[in-house]
Amino acid sequence: MAKKVLIIVENLSVPTDVRVWKEACSLRDTGYEVIVLCPRKDNTRRHEFLEGVHIYRHPVTKEGNSSWGYMWEYSNAFCWEWLYAWWIYVRHGFHVIQGCNPPDDIVFVALPFRPLGVRYIFDHHDANPELYLSKYGNRAILYRIQVWLEKMTFRYSDVVIATNDSYRELAMRRGRVRPEDIFVVRNGPIAGFKAVPANPALKYGKPYLVGYVGVMNTQEGLDILLDVALRIKNLGRQDVHFTCIGRGPELRRLRRMTKERKLEDTVTFTGYVPNSDLVEILSTADVCVNPDKPCEMNSISTMNKIMEYMALGKPIVQFEGREGRFSAQEASLYSDGADPVSDFADKILWLLDHPEERSRMGEFGRRRVENQLAWEHSVENLLAAYERAFSKVRSNYVLHAIGPDADSNG
């Protein structure tokens, strides 16, 4: 009978959360029965059966924009996740729960199912203690809560999926997880994520376009990018436009800052756009940027945007960081952060003024994704992680006796 999986994610809805959707589809293609539980955003349906995957979406409160705001958001989500998980268990049954952080409290949704033989896979998207520090810069009680939650998550995880080797090392060192229970599953784009013909109309009448895609949040450094755009404009370069794609709790403030700095003719924040529009905008861009603030969190994390830029053959400017350099290598220029605005701006302008180098870097990145970093290269490790988890399931009890549609002859 089918092996059943419940994937819980709080940060984004599905299929908007590209990583989770790729995981769900890859498991489905291998014969798993996959159910996803996620927040209900953008007026999406509470339930749909999409491409062979059940998606349940729970109600959400207002997205947090402060430490206590996030606590309220996550507490509200936790209650819904707990209720929905039991309802899904009764209706469908499942053998494994995969929890995708942030936050690190999903393990407590899974723990009550442990006596029933259900195993827990921790899909480690973000290092939460470092994420908290990057946003709020203090080690007060809420930081200590993040540390404790991470500790509990590692302790009660049967398998850990790490997005890169930095997170793998963190799981071994800080979480004391055995190496054989950790599997690196990188954030590569799917094979069909390719560039389309450029649309000159998206350059707002200017020769050059600088593109950005990502969440509009504190640690993403969009305030730095606005300073970069202002510096470029003040240097007399009226030939460059910046388009930033994405949404998040900082979007309204960033649009206000754009107006205050009189950058409406230089910077556009699109908010959410369909994937086809995203690809067209980035395909039109001459340079793509990752202004994530230099900090430990951003240094050890693999950013989806970098992989997407590379898949589309775009040269990149970003701050120096361990995983950013590992991913992009020669596809990017790296700012050391000593003079973040001036140096970042100078590197953008240098690339705009050297089209041959832009072409070389973009081609290097595209080949690196195709040959090493595309999602297809990560599927084997994802499946290995699940095989490891299912090897820990008490097969006699669970695989043949779970859920209302269990095999009556089991």
# chains A, B, ... in the order shown; residues from 1 in each chain; ligands from 1

call {"tool": "select_by_dssp", "arguments": {"residues": "segment 6-221 of chain A", "states": "helix (DSSP H, G or I)", "output": "JSON list (two decimals) with C-alpha atoms, in the first residue's frame"}}
result
[["chain", "number", "residue", "atom", "x", "y", "z"],
["A", 18, "VAL", "CA", 8.54, 26.40, -4.42],
["A", 19, "ARG", "CA", 10.83, 24.14, -2.37],
["A", 20, "VAL", "CA", 7.96, 22.41, -0.59],
["A", 21, "TRP", "CA", 6.05, 21.98, -3.83],
["A", 22, "LYS", "CA", 9.08, 20.42, -5.53],
["A", 23, "GLU", "CA", 9.48, 18.03, -2.60],
["A", 24, "ALA", "CA", 5.80, 17.10, -2.67],
["A", 25, "CYS", "CA", 5.80, 16.45, -6.42],
["A", 26, "SER", "CA", 9.02, 14.43, -6.29],
["A", 27, "LEU", "CA", 7.58, 12.23, -3.55],
["A", 28, "ARG", "CA", 4.32, 11.86, -5.47],
["A", 29, "ASP", "CA", 6.22, 10.81, -8.60],
["A", 67, "SER", "CA", 9.24, 39.85, 17.68],
["A", 68, "TRP", "CA", 5.95, 39.63, 19.58],
["A", 69, "GLY", "CA", 4.02, 39.89, 16.33],
["A", 70, "TYR", "CA", 5.80, 36.81, 15.04],
["A", 71, "MET", "CA", 5.12, 35.00, 18.31],
["A", 72, "TRP", "CA", 1.39, 35.68, 17.91],
["A", 73, "GLU", "CA", 1.45, 34.65, 14.24],
["A", 74, "TYR", "CA", 3.28, 31.40, 14.95],
["A", 75, "SER", "CA", 1.19, 30.55, 18.04],
["A", 76, "ASN", "CA", -1.99, 30.98, 16.02],
["A", 77, "ALA", "CA", -0.59, 28.82, 13.22],
["A", 78, "PHE", "CA", 0.50, 26.14, 15.70],
["A", 79, "CYS", "CA", -3.04, 25.74, 17.03],
["A", 80, "TRP", "CA", -4.46, 25.32, 13.54],
["A", 81, "GLU", "CA", -1.67, 22.90, 12.56],
["A", 82, "TRP", "CA", -2.36, 20.75, 15.61],
["A", 83, "LEU", "CA", -6.10, 20.58, 14.91],
["A", 84, "TYR", "CA", -5.71, 19.99, 11.18],
["A", 85, "ALA", "CA", -3.03, 17.32, 11.70],
["A", 86, "TRP", "CA", -5.39, 15.20, 13.80],
["A", 87, "TRP", "CA", -8.24, 15.72, 11.37],
["A", 88, "ILE", "CA", -5.99, 14.70, 8.44],
["A", 89, "TYR", "CA", -4.77, 11.68, 10.39],
["A", 90, "VAL", "CA", -8.32, 10.47, 10.96],
["A", 91, "ARG", "CA", -9.35, 11.13, 7.35],
["A", 107, "VAL", "CA", 7.92, 19.16, 16.08],
["A", 108, "PHE", "CA", 5.38, 19.59, 18.90],
["A", 109, "VAL", "CA", 2.57, 19.00, 16.40],
["A", 110, "ALA", "CA", 4.28, 15.73, 15.48],
["A", 111, "LEU", "CA", 5.19, 14.45, 18.95],
["A", 112, "PRO", "CA", 1.68, 13.22, 19.94],
["A", 113, "PHE", "CA", 1.74, 10.94, 16.89],
["A", 114, "ARG", "CA", 5.03, 9.34, 17.92],
["A", 115, "PRO", "CA", 3.39, 6.59, 20.06],
["A", 116, "LEU", "CA", 1.40, 5.70, 16.93],
["A", 128, "ASN", "CA", 16.13, 30.21, 13.52],
["A", 129, "PRO", "CA", 18.41, 31.53, 16.31],
["A", 130, "GLU", "CA", 20.57, 33.23, 13.66],
["A", 131, "LEU", "CA", 17.45, 34.44, 11.87],
["A", 132, "TYR", "CA", 16.20, 36.04, 15.09],
["A", 133, "LEU", "CA", 19.55, 37.78, 15.63],
["A", 134, "SER", "CA", 19.59, 39.07, 12.05],
["A", 135, "LYS", "CA", 16.19, 40.70, 12.63],
["A", 136, "TYR", "CA", 16.38, 41.96, 16.22],
["A", 141, "ILE", "CA", 14.10, 35.78, 26.21],
["A", 142, "LEU", "CA", 12.64, 35.36, 22.72],
["A", 143, "TYR", "CA", 16.08, 34.48, 21.37],
["A", 144, "ARG", "CA", 16.50, 31.88, 24.10],
["A", 145, "ILE", "CA", 13.13, 30.43, 23.15],
["A", 146, "GLN", "CA", 14.41, 30.01, 19.57],
["A", 147, "VAL", "CA", 17.49, 28.19, 20.86],
["A", 148, "TRP", "CA", 15.36, 25.86, 22.99],
["A", 149, "LEU", "CA", 12.91, 25.15, 20.16],
["A", 150, "GLU", "CA", 15.77, 24.29, 17.83],
["A", 151, "LYS", "CA", 17.26, 21.97, 20.47],
["A", 152, "MET", "CA", 13.95, 20.15, 20.90],
["A", 153, "THR", "CA", 13.49, 19.89, 17.14],
["A", 154, "PHE", "CA", 16.86, 18.23, 16.62],
["A", 155, "ARG", "CA", 16.33, 15.95, 19.62],
["A", 165, "ASP", "CA", 26.59, 21.63, 4.11],
["A", 166, "SER", "CA", 26.61, 24.54, 6.58],
["A", 167, "TYR", "CA", 23.25, 23.40, 7.92],
["A", 168, "ARG", "CA", 24.47, 19.80, 7.94],
["A", 169, "GLU", "CA", 27.40, 20.83, 10.13],
["A", 170, "LEU", "CA", 25.04, 22.79, 12.38],
["A", 171, "ALA", "CA", 22.81, 19.73, 12.85],
["A", 172, "MET", "CA", 25.81, 17.61, 13.84],
["A", 173, "ARG", "CA", 27.53, 20.20, 16.03],
["A", 179, "PRO", "CA", 25.62, 11.97, 10.25],
["A", 180, "GLU", "CA", 23.70, 9.01, 8.84],
["A", 181, "ASP", "CA", 20.42, 10.76, 9.76],
["A", 200, "PRO", "CA", 12.26, 45.98, -23.38],
["A", 201, "ALA", "CA", 9.04, 47.54, -22.06],
["A", 202, "LEU", "CA", 9.96, 46.21, -18.60],
["A", 203, "LYS", "CA", 13.02, 48.51, -18.51],
["A", 218, "THR", "CA", 14.36, 43.08, 7.46],
["A", 219, "GLN", "CA", 17.26, 40.69, 6.86],
["A", 220, "GLU", "CA", 16.89, 40.84, 3.07]]

call {"tool": "residues_around", "arguments": {"residues": "segment 277-292 of chain A", "least_positions_apart": "4", "cutoff": "7 Å", "atoms": "only C-alpha atoms", "output": "ChimeraX atom specification"}}
result
/A:195-199,202,208-212,219-222,224-225,273,298,309,312,314-319

call {"tool": "write_last_selection", "arguments": {"atoms": "N, CA and C atoms", "output": "mmCIF file, in the first residue's frame"}}
result
data_model
loop_
_atom_site.group_PDB
_atom_site.id
_atom_site.type_symbol
_atom_site.label_atom_id
_atom_site.label_comp_id
_atom_site.auth_asym_id
_atom_site.auth_seq_id
_atom_site.Cartn_x
_atom_site.Cartn_y
_atom_site.Cartn_z
ATOM 1 N N ALA A 195 15.104 30.923 -19.075
ATOM 2 C CA ALA A 195 14.893 32.296 -19.534
ATOM 3 C C ALA A 195 13.949 32.330 -20.728
ATOM 4 N N VAL A 196 13.220 33.440 -20.830
ATOM 5 C CA VAL A 196 12.355 33.718 -21.981
ATOM 6 C C VAL A 196 12.884 34.976 -22.657
ATOM 7 N N PRO A 197 12.423 35.302 -23.862
ATOM 8 C CA PRO A 197 12.910 36.520 -24.531
ATOM 9 C C PRO A 197 12.691 37.770 -23.683
ATOM 10 N N ALA A 198 13.669 38.651 -23.695
ATOM 11 C CA ALA A 198 13.577 39.902 -22.938
ATOM 12 C C ALA A 198 12.453 40.776 -23.476
ATOM 13 N N ASN A 199 11.843 41.531 -22.570
ATOM 14 C CA ASN A 199 10.778 42.465 -22.937
ATOM 15 C C ASN A 199 11.254 43.877 -22.623
ATOM 16 N N LEU A 202 9.788 46.372 -20.041
ATOM 17 C CA LEU A 202 9.956 46.209 -18.603
ATOM 18 C C LEU A 202 11.142 46.996 -18.057
ATOM 19 N N TYR A 208 19.191 49.809 -19.017
ATOM 20 C CA TYR A 208 19.580 48.720 -18.131
ATOM 21 C C TYR A 208 18.525 48.467 -17.055
ATOM 22 N N LEU A 209 18.389 47.181 -16.713
ATOM 23 C CA LEU A 209 17.486 46.783 -15.643
ATOM 24 C C LEU A 209 18.239 45.914 -14.649
ATOM 25 N N VAL A 210 18.085 46.256 -13.361
ATOM 26 C CA VAL A 210 18.626 45.447 -12.271
ATOM 27 C C VAL A 210 17.442 44.759 -11.598
ATOM 28 N N GLY A 211 17.530 43.417 -11.452
ATOM 29 C CA GLY A 211 16.407 42.646 -10.943
ATOM 30 C C GLY A 211 16.664 42.056 -9.565
ATOM 31 N N TYR A 212 15.602 41.965 -8.785
ATOM 32 C CA TYR A 212 15.636 41.321 -7.472
ATOM 33 C C TYR A 212 14.342 40.552 -7.288
ATOM 34 N N GLN A 219 15.937 41.239 7.126
ATOM 35 C CA GLN A 219 17.256 40.693 6.861
ATOM 36 C C GLN A 219 17.603 40.631 5.382
ATOM 37 N N GLU A 220 16.618 40.905 4.507
ATOM 38 C CA GLU A 220 16.888 40.840 3.072
ATOM 39 C C GLU A 220 17.651 42.051 2.544
ATOM 40 N N GLY A 221 17.797 43.104 3.334
ATOM 41 C CA GLY A 221 18.655 44.218 2.953
ATOM 42 C C GLY A 221 18.116 45.113 1.847
ATOM 43 N N LEU A 222 16.797 45.185 1.703
ATOM 44 C CA LEU A 222 16.249 46.047 0.650
ATOM 45 C C LEU A 222 16.485 47.521 0.932
ATOM 46 N N ILE A 224 19.286 48.634 2.035
ATOM 47 C CA ILE A 224 20.611 48.831 1.438
ATOM 48 C C ILE A 224 20.477 49.010 -0.065
ATOM 49 N N LEU A 225 19.625 48.202 -0.692
ATOM 50 C CA LEU A 225 19.461 48.310 -2.142
ATOM 51 C C LEU A 225 18.895 49.670 -2.536
ATOM 52 N N VAL A 273 3.803 38.699 -8.071
ATOM 53 C CA VAL A 273 3.453 38.557 -9.485
ATOM 54 C C VAL A 273 3.420 37.068 -9.813
ATOM 55 N N ASN A 298 22.710 34.867 6.972
ATOM 56 C CA ASN A 298 22.756 34.933 5.513
ATOM 57 C C ASN A 298 23.988 34.230 4.951
ATOM 58 N N TYR A 309 18.474 33.129 -10.362
ATOM 59 C CA TYR A 309 19.264 34.025 -11.220
ATOM 60 C C TYR A 309 20.199 33.220 -12.124
ATOM 61 N N LEU A 312 18.607 31.370 -14.993
ATOM 62 C CA LEU A 312 18.223 32.268 -16.087
ATOM 63 C C LEU A 312 19.425 32.898 -16.781
ATOM 64 N N LYS A 314 21.911 34.884 -15.469
ATOM 65 C CA LYS A 314 22.145 36.276 -15.101
ATOM 66 C C LYS A 314 23.367 36.431 -14.201
ATOM 67 N N PRO A 315 24.206 37.433 -14.458
ATOM 68 C CA PRO A 315 25.302 37.738 -13.536
ATOM 69 C C PRO A 315 24.737 38.352 -12.264
ATOM 70 N N ILE A 316 25.447 38.162 -11.163
ATOM 71 C CA ILE A 316 24.908 38.499 -9.842
ATOM 72 C C ILE A 316 25.873 39.404 -9.098
ATOM 73 N N VAL A 317 25.325 40.290 -8.279
ATOM 74 C CA VAL A 317 26.102 41.026 -7.281
ATOM 75 C C VAL A 317 25.492 40.692 -5.918
ATOM 76 N N GLN A 318 26.337 40.283 -4.964
ATOM 77 C CA GLN A 318 25.876 39.955 -3.620
ATOM 78 C C GLN A 318 26.993 40.226 -2.626
ATOM 79 N N PHE A 319 26.636 40.207 -1.351
ATOM 80 C CA PHE A 319 27.646 40.349 -0.313
ATOM 81 C C PHE A 319 28.356 39.011 -0.102
#

call {"tool": "residues_around", "arguments": {"residues": "Val184 of chain A", "least_positions_apart": "4", "cutoff": "7 Å", "atoms": "only C-alpha atoms", "output": "number ranges by chain"}}
result
A: 161-165, 168, 381

call {"tool": "write_last_selection", "arguments": {"atoms": "C-alpha atoms", "output": "PDB file, in the first residue's frame"}}
result
ATOM      1  CA  ILE A 161      16.992  17.404   5.716  1.00  0.00           C
ATOM      2  CA  ALA A 162      19.599  20.189   5.432  1.00  0.00           C
ATOM      3  CA  THR A 163      19.588  22.707   2.608  1.00  0.00           C
ATOM      4  CA  ASN A 164      23.400  22.833   2.445  1.00  0.00           C
ATOM      5  CA  ASP A 165      26.593  21.630   4.108  1.00  0.00           C
ATOM      6  CA  ARG A 168      24.466  19.800   7.941  1.00  0.00           C
ATOM      7  CA  ASN A 381      18.939  12.617  -1.401  1.00  0.00           C
TER       8      ASN A 381
END

call {"tool": "closest_atom_pairs", "arguments": {"of": "segment 318-377 of chain A", "to": "segment 230-241 of chain A", "cutoff": "9 Å", "atoms": "only C-alpha atoms", "output": "CSV"}}
result
residue,atom,partner,partner_atom,distance
A:Val341,CA,A:Arg231,CA,7.6
A:Ser342,CA,A:Arg231,CA,7.3
A:Ala345,CA,A:Ile232,CA,6.4
A:Asp346,CA,A:Ile232,CA,8.4
A:Leu349,CA,A:Ile232,CA,8.1

call {"tool": "residues_around", "arguments": {"residues": "segment 375-377 of chain A", "least_positions_apart": "5", "cutoff": "8 Å", "atoms": "only C-alpha atoms", "output": "list in words"}}
result
Lys22, Arg186, Asn187, Gly188, Pro189, Ile190 and Ala191 of chain A

call {"tool": "write_last_selection", "arguments": {"atoms": "N, CA and C atoms", "output": "JSON list (two decimals), in the first residue's frame"}}
result
[["chain", "number", "residue", "atom", "x", "y", "z"],
["A", 22, "LYS", "N", 8.18, 21.34, -4.82],
["A", 22, "LYS", "CA", 9.08, 20.42, -5.53],
["A", 22, "LYS", "C", 9.24, 19.12, -4.74],
["A", 186, "ARG", "N", 19.44, 20.35, -1.67],
["A", 186, "ARG", "CA", 19.64, 21.76, -2.02],
["A", 186, "ARG", "C", 18.42, 22.36, -2.71],
["A", 187, "ASN", "N", 18.43, 23.70, -2.80],
["A", 187, "ASN", "CA", 17.29, 24.45, -3.31],
["A", 187, "ASN", "C", 17.40, 24.75, -4.80],
["A", 188, "GLY", "N", 17.77, 23.79, -5.59],
["A", 188, "GLY", "CA", 17.92, 24.05, -7.02],
["A", 188, "GLY", "C", 16.60, 24.24, -7.73],
["A", 189, "PRO", "N", 16.57, 25.04, -8.80],
["A", 189, "PRO", "CA", 15.34, 25.22, -9.58],
["A", 189, "PRO", "C", 15.02, 23.98, -10.39],
["A", 190, "ILE", "N", 13.76, 23.86, -10.77],
["A", 190, "ILE", "CA", 13.35, 22.72, -11.59],
["A", 190, "ILE", "C", 13.89, 22.90, -13.01],
["A", 191, "ALA", "N", 13.92, 21.79, -13.77],
["A", 191, "ALA", "CA", 14.52, 21.80, -15.10],
["A", 191, "ALA", "C", 13.83, 22.80, -16.04]]

call {"tool": "atom_distance", "arguments": {"atom1": "atom CA of Asp339 of chain A", "atom2": "atom CA of Met297 of chain A"}}
result
19.8 Å
